[in-house]
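A.B. asks: The structure file entry-v9.txt (compact mmCIF, C-alpha atoms) is provided below.
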```txt
# COMPACT_ATOMS: atom_id res chain seq x y z
CA MET E 44 -41.12 -28.68 -1.66
CA PRO E 45 -43.67 -30.61 -3.78
CA ALA E 46 -45.91 -33.07 -1.89
CA TYR E 47 -44.47 -36.11 -3.68
CA ALA E 48 -40.96 -35.05 -2.68
CA MET E 49 -41.98 -34.64 0.95
CA GLU E 50 -43.61 -38.07 0.92
CA ASN E 51 -40.31 -39.60 -0.28
CA GLN E 52 -38.14 -37.78 2.26
CA LEU E 53 -36.89 -39.47 5.42
CA TRP E 54 -34.98 -37.78 8.24
CA ILE E 55 -32.44 -39.33 10.59
CA SER E 56 -32.27 -38.22 14.21
CA ALA E 57 -29.11 -39.24 16.09
CA PRO E 58 -26.85 -37.69 18.74
CA TYR E 59 -24.74 -34.89 17.31
CA GLU E 60 -21.70 -36.01 19.30
CA THR E 61 -20.62 -38.49 21.97
CA VAL E 62 -17.36 -38.97 23.84
CA LEU E 63 -16.27 -42.46 24.85
CA PRO E 64 -14.53 -42.80 28.22
CA GLY E 65 -11.10 -44.35 27.79
CA ALA E 66 -10.42 -47.79 29.23
CA ASP E 67 -9.37 -48.11 32.88
CA ALA E 68 -6.29 -49.94 34.18
CA ASN E 69 -8.05 -53.29 33.68
CA GLY E 70 -8.81 -52.52 30.05
CA ASP E 71 -12.53 -52.05 30.75
CA ALA E 72 -14.37 -49.12 29.17
CA ARG E 73 -17.81 -47.77 29.87
CA ALA E 74 -20.28 -47.96 27.02
CA ARG E 75 -22.08 -45.08 25.38
CA THR E 76 -25.53 -45.77 23.96
CA VAL E 77 -26.42 -44.27 20.58
CA ALA E 78 -30.14 -44.19 19.71
CA VAL E 79 -31.18 -43.50 16.11
CA GLN E 80 -34.68 -42.58 14.93
CA VAL E 81 -36.13 -42.26 11.44
CA SER E 82 -38.95 -39.81 10.72
CA ARG E 83 -40.87 -38.38 7.75
CA ASP E 84 -42.68 -35.14 6.96
CA VAL E 85 -45.92 -36.55 5.52
CA ALA E 86 -47.67 -39.32 7.47
CA ASP E 87 -50.92 -39.61 5.50
CA ASP E 88 -50.18 -43.09 4.16
CA ALA E 89 -48.48 -46.22 5.47
CA LEU E 90 -44.77 -46.59 4.79
CA PRO E 91 -43.33 -50.12 4.53
CA ALA E 92 -40.53 -51.42 6.71
CA GLY E 93 -37.12 -50.11 5.66
CA ARG E 94 -33.38 -50.27 6.23
CA LEU E 95 -30.93 -48.16 8.18
CA THR E 96 -27.30 -48.47 7.10
CA VAL E 97 -24.75 -47.66 9.81
CA ASP E 98 -21.13 -47.07 8.74
CA VAL E 99 -18.58 -47.22 11.59
CA SER E 100 -15.42 -47.40 9.44
CA GLU E 101 -14.08 -44.05 10.71
CA ILE E 102 -14.10 -45.15 14.37
CA ALA E 103 -13.08 -48.80 13.94
CA SER E 104 -9.47 -48.09 14.98
CA PHE E 105 -10.43 -46.84 18.47
CA ALA E 106 -13.93 -48.16 19.27
CA ARG E 107 -15.94 -51.34 19.09
CA VAL E 108 -19.66 -51.66 18.47
CA SER E 109 -22.28 -53.87 20.10
CA TRP E 110 -25.15 -54.30 17.65
CA PRO E 111 -28.78 -54.89 18.67
CA ALA E 112 -30.84 -57.83 17.38
CA ASN E 113 -32.39 -55.83 14.53
CA CYS E 114 -28.96 -54.96 13.05
CA ALA E 115 -27.00 -57.41 10.88
CA PRO E 116 -23.26 -56.65 10.43
CA GLU E 117 -22.34 -56.92 6.76
CA SER E 118 -18.66 -56.24 7.46
CA GLU E 119 -16.48 -54.97 10.30
CA ALA E 120 -17.31 -51.46 9.23
CA GLU E 121 -21.03 -51.57 8.38
CA ALA E 122 -24.34 -52.98 9.54
CA VAL E 123 -27.87 -52.89 8.14
CA CYS E 124 -30.69 -52.48 10.64
CA ALA E 125 -34.35 -53.34 10.05
CA VAL E 126 -36.55 -50.23 10.43
CA PRO E 127 -40.20 -50.86 11.44
CA GLU E 128 -43.01 -49.86 9.10
CA MET E 129 -44.82 -46.59 9.71
CA PRO E 130 -48.61 -46.98 9.66
CA ALA E 131 -50.69 -44.03 8.47
CA GLY E 132 -50.48 -41.28 11.07
CA THR E 133 -47.06 -42.40 12.32
CA ASP E 134 -44.20 -40.03 11.52
CA LEU E 135 -41.33 -41.44 13.62
CA VAL E 136 -39.96 -44.85 14.62
CA GLN E 137 -36.99 -46.12 16.62
CA ALA E 138 -34.51 -47.49 14.09
CA ALA E 139 -31.54 -48.78 16.11
CA THR E 140 -29.94 -48.48 19.54
CA PHE E 141 -26.35 -49.68 19.73
CA GLU E 142 -23.42 -49.35 22.13
CA LEU E 143 -19.92 -47.98 21.59
CA ARG E 144 -16.87 -48.65 23.78
CA ALA E 145 -13.35 -47.31 23.50
CA LEU E 146 -10.73 -49.96 22.75
CA PRO E 147 -7.87 -50.49 25.26
CA GLY E 148 -5.14 -47.96 24.55
CA ALA E 149 -7.37 -45.73 22.43
CA ASP E 150 -5.76 -42.33 21.84
CA VAL E 151 -7.69 -39.49 23.50
CA SER E 152 -7.08 -37.40 20.37
CA ALA E 153 -8.89 -39.96 18.20
CA SER E 154 -12.18 -38.97 16.59
CA GLY E 155 -14.37 -39.90 13.65
CA TYR E 156 -17.96 -40.10 12.49
CA VAL E 157 -20.60 -42.80 12.52
CA ARG E 158 -22.64 -42.23 9.37
CA TYR E 159 -26.24 -43.20 8.62
CA ALA E 160 -28.55 -43.58 5.60
CA ALA E 161 -32.12 -44.89 5.51
CA THR E 162 -34.59 -46.15 2.90
CA ALA E 163 -38.20 -47.33 3.10
CA GLY E 164 -40.14 -48.13 -0.05
CA GLU E 165 -39.36 -45.27 -2.41
CA ALA E 166 -38.47 -42.92 0.45
CA THR E 167 -34.83 -42.04 1.11
CA SER E 168 -33.05 -39.98 3.76
CA HIS E 169 -30.52 -37.25 3.86
CA PRO E 170 -27.25 -38.56 5.37
CA GLY E 171 -26.93 -38.43 9.15
CA GLU E 172 -23.88 -38.58 11.39
CA THR E 173 -22.62 -38.71 14.98
CA ARG E 174 -19.15 -37.44 15.86
CA VAL E 175 -17.36 -39.83 18.22
CA GLY E 176 -14.28 -38.99 20.33
CA VAL E 177 -12.37 -40.47 23.25
CA GLY E 178 -11.63 -38.80 26.58
CA ASN E 179 -10.30 -39.45 30.06
CA GLY E 180 -12.00 -37.72 32.96
CA PRO E 181 -15.23 -37.52 34.90
CA ASP E 182 -18.46 -37.25 32.93
CA LEU E 183 -20.98 -35.62 35.22
CA GLY E 184 -24.64 -35.63 34.32
CA LEU E 185 -28.06 -34.78 35.73
CA SER E 186 -31.17 -36.82 35.19
CA GLN E 187 -34.18 -35.07 33.65
CA ALA E 188 -36.76 -34.25 36.32
CA ASP E 189 -40.46 -34.40 35.45
CA TRP E 190 -42.22 -31.24 34.35
CA GLN E 191 -44.84 -30.00 36.82
CA ARG E 192 -48.25 -28.64 35.85
CA ASP E 193 -51.19 -27.01 37.66
CA LEU E 194 -49.21 -25.90 40.71
CA ARG E 195 -51.04 -23.71 43.18
CA PRO E 196 -49.59 -20.24 43.89
CA GLY E 197 -48.56 -20.12 47.52
CA SER E 198 -47.70 -23.82 47.64
CA ARG E 199 -44.39 -25.68 47.86
CA THR E 200 -42.78 -28.18 45.55
CA SER E 201 -39.37 -29.65 44.85
CA VAL E 202 -37.21 -30.70 41.90
CA ARG E 203 -35.45 -34.03 42.29
CA ALA E 204 -32.57 -35.13 40.10
CA THR E 205 -29.76 -37.67 40.14
CA LEU E 206 -26.17 -36.50 39.82
CA SER E 207 -24.06 -39.21 38.19
CA ASN E 208 -20.57 -39.80 36.81
CA SER E 209 -20.39 -41.96 33.69
CA GLY E 210 -16.76 -41.12 32.93
CA ASN E 211 -13.60 -42.99 33.92
CA ARG E 212 -12.22 -40.62 36.59
CA THR E 213 -13.52 -39.31 39.92
CA ALA E 214 -14.77 -35.74 40.28
CA GLU E 215 -13.29 -34.84 43.69
CA ARG E 216 -15.68 -31.90 44.16
CA THR E 217 -18.58 -30.65 42.07
CA LEU E 218 -20.02 -27.25 41.21
CA PRO E 219 -23.81 -27.21 40.68
CA TRP E 220 -25.52 -24.10 39.28
CA LEU E 221 -29.24 -23.61 39.97
CA ASN E 222 -31.67 -21.02 38.64
CA ALA E 223 -35.26 -20.51 39.77
CA SER E 224 -37.39 -18.14 37.68
CA TYR E 225 -39.04 -15.03 39.12
CA GLY E 226 -42.25 -16.73 40.29
CA LEU E 227 -40.31 -19.33 42.30
CA ARG E 228 -38.13 -19.02 45.39
CA PHE E 229 -35.56 -21.26 47.01
CA GLU E 230 -37.08 -22.69 50.17
CA GLU E 231 -33.66 -22.66 51.83
CA ARG E 232 -30.47 -20.76 51.10
CA HIS E 233 -27.74 -23.28 51.85
CA THR E 234 -24.49 -22.32 53.53
CA ASN E 235 -22.43 -24.06 50.81
CA CYS E 236 -24.19 -22.02 48.11
CA GLU E 237 -24.12 -18.36 47.12
CA TYR E 238 -27.07 -16.56 45.53
CA ARG E 239 -27.74 -13.75 43.06
CA GLN E 240 -31.08 -12.17 42.22
CA HIS E 241 -31.69 -10.86 38.71
CA LYS E 242 -34.61 -9.59 36.64
CA THR E 243 -35.99 -13.02 35.75
CA GLY E 244 -35.22 -14.98 38.92
CA THR E 245 -32.56 -16.13 41.37
CA SER E 246 -29.37 -18.08 40.64
CA ALA E 247 -27.29 -20.19 43.02
CA LEU E 248 -23.72 -21.52 42.84
CA CYS E 249 -22.97 -24.42 45.18
CA VAL E 250 -19.83 -26.37 46.07
CA LEU E 251 -20.30 -30.03 46.98
CA ASP E 252 -17.35 -31.68 48.72
CA GLU E 253 -18.54 -35.25 48.08
CA ALA E 254 -16.33 -37.07 45.57
CA VAL E 255 -18.30 -38.62 42.71
CA ALA E 256 -16.56 -41.75 41.41
CA PRO E 257 -17.29 -43.41 38.04
CA GLY E 258 -20.62 -45.17 38.30
CA GLN E 259 -21.57 -43.33 41.47
CA ARG E 260 -24.84 -41.46 41.81
CA TYR E 261 -26.18 -38.89 44.25
CA ALA E 262 -29.76 -37.75 44.76
CA LEU E 263 -30.25 -33.98 44.76
CA LYS E 264 -33.42 -32.29 45.98
CA THR E 265 -34.16 -28.57 45.61
CA GLY E 266 -37.12 -27.24 47.59
CA LEU E 267 -39.03 -24.43 45.88
CA GLY E 268 -41.80 -22.11 46.93
CA VAL E 269 -44.43 -21.30 44.29
CA GLY E 270 -45.05 -17.55 44.62
CA ARG E 271 -48.31 -15.66 44.27
CA LYS E 272 -46.98 -14.20 41.01
CA ALA E 273 -46.02 -17.57 39.53
CA MET E 274 -47.45 -18.81 36.24
CA TYR E 275 -45.07 -19.97 33.47
CA GLU E 276 -42.00 -20.91 35.48
CA ARG E 277 -38.82 -22.89 34.87
CA PHE E 278 -36.01 -24.30 36.96
CA ASP E 279 -32.59 -24.76 35.34
CA HIS E 280 -29.65 -26.61 36.81
CA SER E 281 -26.26 -27.82 35.69
CA VAL E 282 -23.23 -29.50 37.25
CA HIS E 283 -19.50 -29.22 36.55
CA PRO E 284 -16.28 -30.57 38.08
CA TYR E 285 -15.11 -28.04 40.68
CA SER E 286 -12.09 -25.83 40.15
CA ASP E 287 -11.25 -22.37 41.45
CA GLU E 288 -11.15 -21.16 37.85
CA ALA E 289 -14.58 -22.61 37.05
CA LEU E 290 -16.10 -20.99 40.14
CA ALA E 291 -14.57 -17.60 39.29
CA GLU E 292 -15.80 -17.81 35.71
CA MET E 293 -19.35 -18.65 36.77
CA ARG E 294 -19.39 -15.86 39.36
CA GLY E 295 -18.44 -13.39 36.65
CA GLU E 296 -18.63 -9.75 37.76
CA TRP E 297 -21.90 -10.19 39.63
CA THR E 298 -22.30 -9.94 43.40
CA TRP E 299 -23.22 -13.16 45.16
CA THR E 300 -24.42 -13.61 48.76
CA ARG E 301 -23.66 -16.76 50.74
CA GLY E 302 -26.60 -18.65 52.24
CA THR E 303 -26.99 -19.14 55.97
CA GLY E 304 -29.08 -22.34 56.12
CA SER E 305 -28.02 -25.96 56.32
CA GLU E 306 -25.70 -27.41 53.68
CA LEU E 307 -27.04 -28.68 50.38
CA ASP E 308 -26.50 -32.36 51.10
CA PRO E 309 -26.56 -34.88 48.23
CA ARG E 310 -27.57 -38.42 49.20
CA PRO E 311 -25.55 -41.34 47.77
CA VAL E 312 -27.45 -43.77 45.58
CA ALA E 313 -24.67 -46.09 44.30
CA ALA E 314 -20.87 -46.22 44.09
CA ALA E 315 -17.73 -47.45 42.20
CA GLY E 316 -13.96 -46.53 41.87
CA ALA E 317 -10.96 -44.52 40.07
CA THR E 318 -9.63 -40.92 40.61
CA ALA E 319 -8.37 -37.63 39.02
CA THR E 320 -9.28 -33.93 38.54
CA ASP E 321 -9.78 -33.79 34.76
CA PRO E 322 -12.47 -31.61 33.12
CA ASP E 323 -15.79 -33.15 32.18
CA ILE E 324 -15.27 -35.19 28.99
CA ASP E 325 -18.82 -34.94 27.62
CA PRO E 326 -20.89 -31.95 28.85
CA GLN E 327 -24.05 -32.68 26.84
CA ASP E 328 -26.05 -33.95 29.84
CA ASP E 329 -24.65 -31.47 32.38
CA TYR E 330 -27.62 -29.08 31.94
CA ARG E 331 -31.33 -29.71 32.50
CA THR E 332 -34.48 -27.59 32.42
CA VAL E 333 -37.72 -28.29 34.27
CA ILE E 334 -40.99 -26.50 33.45
CA LEU E 335 -43.24 -25.64 36.42
CA ASP E 336 -46.61 -24.14 35.47
CA ALA E 337 -48.93 -22.64 38.07
CA ARG E 338 -52.69 -22.12 37.84
CA ASN E 339 -52.74 -18.34 37.61
CA SER E 340 -53.77 -15.45 35.39
CA ALA E 341 -52.51 -12.08 34.20
CA ASP E 342 -54.73 -9.31 32.88
CA LEU E 343 -53.06 -7.47 30.02
CA LYS E 344 -54.46 -4.07 29.19
CA LEU E 345 -53.68 -1.91 26.16
CA THR E 346 -53.73 1.91 26.18
CA GLY E 347 -53.33 4.18 23.18
CA SER E 348 -52.75 7.90 22.75
CA ARG E 349 -53.85 11.12 21.05
CA VAL E 350 -51.47 13.19 18.95
CA ASN E 351 -51.74 16.47 17.08
CA GLY E 352 -49.78 18.10 14.27
CA GLY E 353 -49.90 19.80 10.93
CA ALA E 354 -49.31 18.46 7.44
CA GLY E 355 -45.67 17.45 7.06
CA ASP E 356 -45.11 17.02 10.80
CA THR E 357 -43.97 13.73 12.33
CA VAL E 358 -45.61 13.03 15.67
CA THR E 359 -45.03 10.12 18.06
CA ALA E 360 -47.98 8.04 19.18
CA ARG E 361 -47.53 5.69 22.12
CA VAL E 362 -49.14 2.33 22.77
CA THR E 363 -48.61 0.68 26.13
CA VAL E 364 -49.08 -2.93 27.21
CA HIS E 365 -49.85 -3.07 30.95
CA ASN E 366 -49.68 -6.26 33.00
CA ARG E 367 -52.22 -5.86 35.79
CA GLY E 368 -51.30 -9.22 37.30
CA PRO E 369 -51.56 -11.00 39.56
CA ALA E 370 -48.96 -13.16 37.72
CA TRP E 371 -45.94 -12.10 35.77
CA VAL E 372 -45.84 -13.38 32.18
CA ALA E 373 -42.69 -14.91 30.71
CA SER E 374 -41.71 -17.07 27.77
CA LEU E 375 -38.29 -18.08 29.07
CA GLY E 376 -38.09 -21.23 26.97
CA VAL E 377 -39.53 -20.46 23.54
CA GLY E 378 -38.63 -16.79 23.76
CA ALA E 379 -41.96 -15.52 22.43
CA PRO E 380 -43.02 -11.94 23.19
CA VAL E 381 -45.53 -11.46 25.99
CA ALA E 382 -47.70 -9.59 23.50
CA THR E 383 -47.64 -8.73 19.80
CA VAL E 384 -49.77 -5.74 18.80
CA ARG E 385 -51.22 -5.17 15.33
CA PHE E 386 -52.24 -1.83 13.82
CA ARG E 387 -52.49 0.31 10.68
CA ALA E 388 -51.57 3.94 10.42
CA PRO E 389 -54.55 6.31 10.89
CA GLU E 390 -56.01 7.89 7.75
CA GLY E 391 -53.81 10.65 6.35
CA THR E 392 -50.66 9.40 8.11
CA THR E 393 -47.75 7.08 7.40
CA ALA E 394 -45.84 5.08 10.02
CA VAL E 395 -42.13 5.86 9.66
CA ASN E 396 -38.90 4.76 11.34
CA LEU E 397 -40.44 2.06 13.50
CA SER E 398 -38.03 0.07 15.64
CA GLN E 399 -36.51 -2.59 13.40
CA GLU E 400 -35.80 -4.70 16.48
CA ARG E 401 -39.42 -4.72 17.68
CA CYS E 402 -41.64 -3.98 14.67
CA TRP E 403 -42.27 -5.21 11.16
CA SER E 404 -44.89 -5.10 8.40
CA LEU E 405 -46.45 -7.89 6.38
CA PRO E 406 -44.13 -8.97 3.52
CA GLU E 407 -46.77 -8.35 0.89
CA GLU E 408 -47.36 -4.81 2.14
CA PRO E 409 -44.22 -2.68 1.85
CA GLU E 410 -43.76 -0.18 4.64
CA GLY E 411 -45.51 3.10 4.02
CA THR E 412 -48.06 1.88 1.47
CA SER E 413 -51.75 2.51 2.02
CA GLY E 414 -53.29 -0.06 4.32
CA THR E 415 -49.98 -1.52 5.53
CA THR E 416 -50.43 -3.74 8.60
CA TYR E 417 -47.74 -3.40 11.23
CA PHE E 418 -46.80 -5.65 14.14
CA CYS E 419 -44.74 -4.78 17.22
CA ARG E 420 -43.64 -7.21 19.93
CA THR E 421 -42.83 -6.75 23.61
CA PRO E 422 -39.88 -8.43 25.36
CA VAL E 423 -40.26 -12.08 26.43
CA TYR E 424 -41.27 -11.20 29.99
CA LEU E 425 -43.37 -8.57 31.72
CA HIS E 426 -43.49 -8.39 35.50
CA ASP E 427 -46.76 -7.95 37.35
CA LYS E 428 -47.77 -4.26 37.58
CA ALA E 429 -45.20 -3.44 34.89
CA SER E 430 -45.76 -2.04 31.41
CA TYR E 431 -44.04 -1.75 28.06
CA THR E 432 -44.53 1.17 25.65
CA PHE E 433 -44.12 1.22 21.87
CA GLU E 434 -43.29 4.53 20.22
CA ILE E 435 -44.92 4.83 16.80
CA PRO E 436 -43.71 7.80 14.71
CA LEU E 437 -46.47 9.00 12.34
CA ARG E 438 -45.86 11.38 9.46
CA ILE E 439 -48.95 13.50 8.86
CA ASP E 440 -49.34 13.60 5.07
CA ARG E 441 -52.68 15.41 5.23
CA VAL E 442 -54.78 16.54 8.16
CA VAL E 443 -57.86 14.37 8.76
CA ARG E 444 -59.71 15.55 11.85
CA GLY E 445 -60.28 12.74 14.33
CA ALA E 446 -58.45 10.12 12.23
CA ARG E 447 -58.11 7.00 14.31
CA THR E 448 -56.94 3.42 14.18
CA THR E 449 -57.34 0.42 16.46
CA VAL E 450 -54.33 -1.28 18.01
CA GLU E 451 -54.94 -4.79 19.34
CA THR E 452 -53.03 -7.74 20.75
CA LEU E 453 -52.82 -11.03 18.88
CA ASN E 454 -54.45 -13.27 21.45
CA ASP E 455 -53.87 -16.73 19.95
CA ASP E 456 -50.16 -16.86 19.17
CA PRO E 457 -49.37 -20.60 19.43
CA GLU E 458 -46.01 -19.85 21.09
CA LEU E 459 -47.61 -17.85 23.93
CA SER E 460 -51.38 -17.59 23.81
CA ILE E 461 -52.76 -14.56 25.66
CA SER E 462 -56.26 -16.07 25.59
CA GLU E 463 -55.04 -18.93 27.80
CA PHE E 464 -53.97 -16.73 30.72
CA ASP E 465 -55.77 -13.38 30.31
CA PRO E 466 -59.21 -13.38 32.00
CA ASN E 467 -60.34 -10.14 30.33
CA LEU E 468 -59.70 -9.81 26.59
CA ARG E 469 -62.07 -6.83 26.32
CA ASN E 470 -59.31 -4.41 27.34
CA ASN E 471 -56.77 -5.77 24.87
CA SER E 472 -57.38 -3.09 22.25
CA ALA E 473 -56.95 0.69 22.19
CA GLU E 474 -56.98 3.58 19.74
CA ILE E 475 -54.49 6.02 18.28
CA VAL E 476 -56.32 9.27 17.47
CA VAL E 477 -54.82 12.09 15.37
CA ASN E 478 -55.97 15.74 15.49
CA ARG E 479 -59.15 15.29 17.40
```
Since I need it in another form, could you write the structure as structure tokens?
C.D. replies:
Amino acid sequence: MPAYAMENQLWISAPYETVLPGADANGDARARTVAVQVSRDVADDALPAGRLTVDVSEIASFARVSWPANCAPESEAEAVCAVPEMPAGTDLVQAATFELRALPGADVSASGYVRYAATAGEATSHPGETRVGVGNGPDLGLSQADWQRDLRPGSRTSVRATLSNSGNRTAERTLPWLNASYGLRFEERHTNCEYRQHKTGTSALCVLDEAVAPGQRYALKTGLGVGRKAMYERFDHSVHPYSDEALAEMRGEWTWTRGTGSELDPRPVAAAGATATDPDIDPQDDYRTVILDARNSADLKLTGSRVNGGAGDTVTARVTVHNRGPAWVASLGVGAPVATVRFRAPEGTTAVNLSQERCWSLPEEPEGTSGTTYFCRTPVYLHDKASYTFEIPLRIDRVVRGARTTVETLNDDPELSISEFDPNLRNNSAEIVVNR
């Protein structure tokens, strides 16, 4: 896109969808807050104050809007909101935060879109939208716990969150799911939870008997041990209304073991009223992730191989990434490979039939041409003391005694930088040698 086009392009950020709780017996309905932001791609210069147009015509039959002070209704179906200026270096501003409530008697099958458009100076936006529906039932949610940095391996920590119900019905029982990554451990295995270990951590399914009424909140605390192998860790948790069917579905075909400790005991924070056993009406805030980083390191080491063959033969070279620990390495959020290796085929050979799932060549260098640079990536995690091997088929076009090439890791990938956790980069390269 040309620079001038980027400078004149605005972007609208708004919730993809929201569900309004239906009104209770008194005709009262809980509000949903909709926050809208406006951003731009190029922030070199100042951008004057602008306008955000909000069109609510599609939801006017089942919802009412409460406008903030910076929004002026121009009709029952539309308002214009003043958008702050963006000084040089600023690429995003809060444009409007308004509330939506379902009207008394609103049909739970009703739905429509709130639509947005923005302008500022000569800059214009692509259209934006939020789908709005109506539902009756509990709306369970978890607050976002703070990320934790610089934890010490061998220490203890905890994740605290608030379980709330912002729907219009009571959840009589709830079903939390917890997952601690491989470098973490649950400090206690509760008797009302069952546990399953897997390659990247431990999961728990718990049943809480406490009813959660609309407006009620409970404090949940999960104690975690930070293991000696911990480094880039994460804790995931979600909550759902309990049903036998939901529990069976989440168990799947895996084997779970019940805990033997004390019960996981949520502490009440606040309360209110109403009751039913409906499914969650808006699951968007049911799931949260917390990052827990520990001060640790992992020494990756690369080993190559020697192969022999005659002209016309295809031989398989092997390159192995070893994790010598002490930490495991994982990119469980971004999903980046632990290591990406780069190499060229040794003189007189051509790399053929590389794994299409793991390997690729530079776009400007078609596979098999002289000097082609290849890249191969590991999976997104590598346990301590574990290794991963790439098989590299080489067709020997002509015999060159002692032909060799260097294979090396890319140490500064912004998604997962090896140089930030590996204390010894000197062993991050190796050789493939042919017919020595």
A.B. asks: List the neighbours of Tyr156 in chain E out to 8 Å using all atoms listed in the file; skip same-chain residues closer than 2 positions along the sequence, and give me the result as number ranges by chain.
C.D. replies: E: 99, 101-102, 154, 158, 172-175
A.B. asks: Using all atoms listed in the file for the distances, tell me which of E:Ala122, E:Ala163, E:Gly226, E:Arg385 is nearest to Val108 in chain E.
C.D. replies: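 Residue with the minimum atom-to-atom distance to Val108 in chain E: E:Ala122.
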A.B. asks: In terms of the shortest atom-to-atom distance over all atoms listed in the file, which of E:Cys419, E:Phe278, E:Asp67, E:Asn51 is closest to Trp190 in chain E?
C.D. replies: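 Among E:Cys419, E:Phe278, E:Asp67, E:Asn51, it is E:Phe278 that comes nearest to Trp190 in chain E.
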A.B. asks: Hey, which of E:Leu459, E:Leu343, E:Val97, E:Leu135 ends up closest to Ala160 in chain E? Count all atoms listed in the file.
C.D. replies: E:Val97
A.B. asks: At what distance in Å, to one decimal, does CA of Phe418 in chain E lie from CA of Leu468 in chain E?
C.D. replies: 18.4 Å
A.B. asks: Sort by chain and increasing residue number a table of all residues of range 123-189 of chain E within 10 Å of range 197-213 of chain E, each with its closest pair of atoms and their distance in Å to one decimal, counting only C-alpha atoms, and write it as a tab-separated table.
C.D. replies:
```
residue	atom	partner	partner_atom	distance
E:Gly178	CA	E:Gly210	CA	8.5
E:Asn179	CA	E:Asn211	CA	6.2
E:Gly180	CA	E:Arg212	CA	4.7
E:Pro181	CA	E:Gly210	CA	4.4
E:Asp182	CA	E:Gly210	CA	4.2
E:Leu183	CA	E:Asn208	CA	4.5
E:Gly184	CA	E:Ser207	CA	5.3
E:Leu185	CA	E:Leu206	CA	4.8
E:Ser186	CA	E:Thr205	CA	5.2
E:Gln187	CA	E:Ala204	CA	6.6
E:Ala188	CA	E:Ala204	CA	5.7
E:Asp189	CA	E:Val202	CA	8.1
```
A.B. asks: Could those selected residues go to a file with C-alpha atoms, as a compact mmCIF listing (two decimals), in the frame of the given file?
C.D. replies:
```txt
# COMPACT_ATOMS: atom_id res chain seq x y z
CA GLY E 178 -11.63 -38.80 26.58
CA ASN E 179 -10.30 -39.45 30.06
CA GLY E 180 -12.00 -37.72 32.96
CA PRO E 181 -15.23 -37.52 34.90
CA ASP E 182 -18.46 -37.25 32.93
CA LEU E 183 -20.98 -35.62 35.22
CA GLY E 184 -24.64 -35.63 34.32
CA LEU E 185 -28.06 -34.78 35.73
CA SER E 186 -31.17 -36.82 35.19
CA GLN E 187 -34.18 -35.07 33.65
CA ALA E 188 -36.76 -34.25 36.32
CA ASP E 189 -40.46 -34.40 35.45
```
A.B. asks: Could you check the closest approach to Asn339 in chain E for each of E:Leu194, E:Ala166, E:Val450, E:Ile435 and tell me which residue wins, using only C-alpha atoms?
C.D. replies: E:Leu194
A.B. asks: As an exercise, work out the distance from CA of His426 in chain E to CA of Thr243 in chain E in Å and give it to one decimal place.
C.D. replies: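 For CA of His426 in chain E relative to CA of Thr243 in chain E, the distance reads 8.8 Å.
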A.B. asks: State, in Å with one decimal place, the distance from CA of Ser246 in chain E to CA of Ala223 in chain E.
C.D. replies: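 Result for CA of Ser246 in chain E versus CA of Ala223 in chain E: 6.4 Å, one decimal.
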A.B. asks: Find the residue from E:Ala394, E:Ala68, E:Val123, E:Ala382 that sits nearest to Thr452 in chain E; use only C-alpha atoms when measuring.
C.D. replies: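 Using only C-alpha atoms, the shortest distance to Thr452 in chain E belongs to E:Ala382.
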A.B. asks: Identify, on the basis of all atoms listed in the file, every residue whose closest approach to Leu345 in chain E does not exceed 6 Å; exclude the query and any residue fewer than 5 positions from it along the same chain; express the result as an NGL selection string.
C.D. replies: :E and (363-364 or 471-473)
A.B. asks: So which residues touch Ser374 in chain E within 8 Å, counting only C-alpha atoms, skipping near sequence neighbours fewer than 2 positions away, as a ChimeraX atom specification?
C.D. replies: /E:275,372,376-381,423-424,459
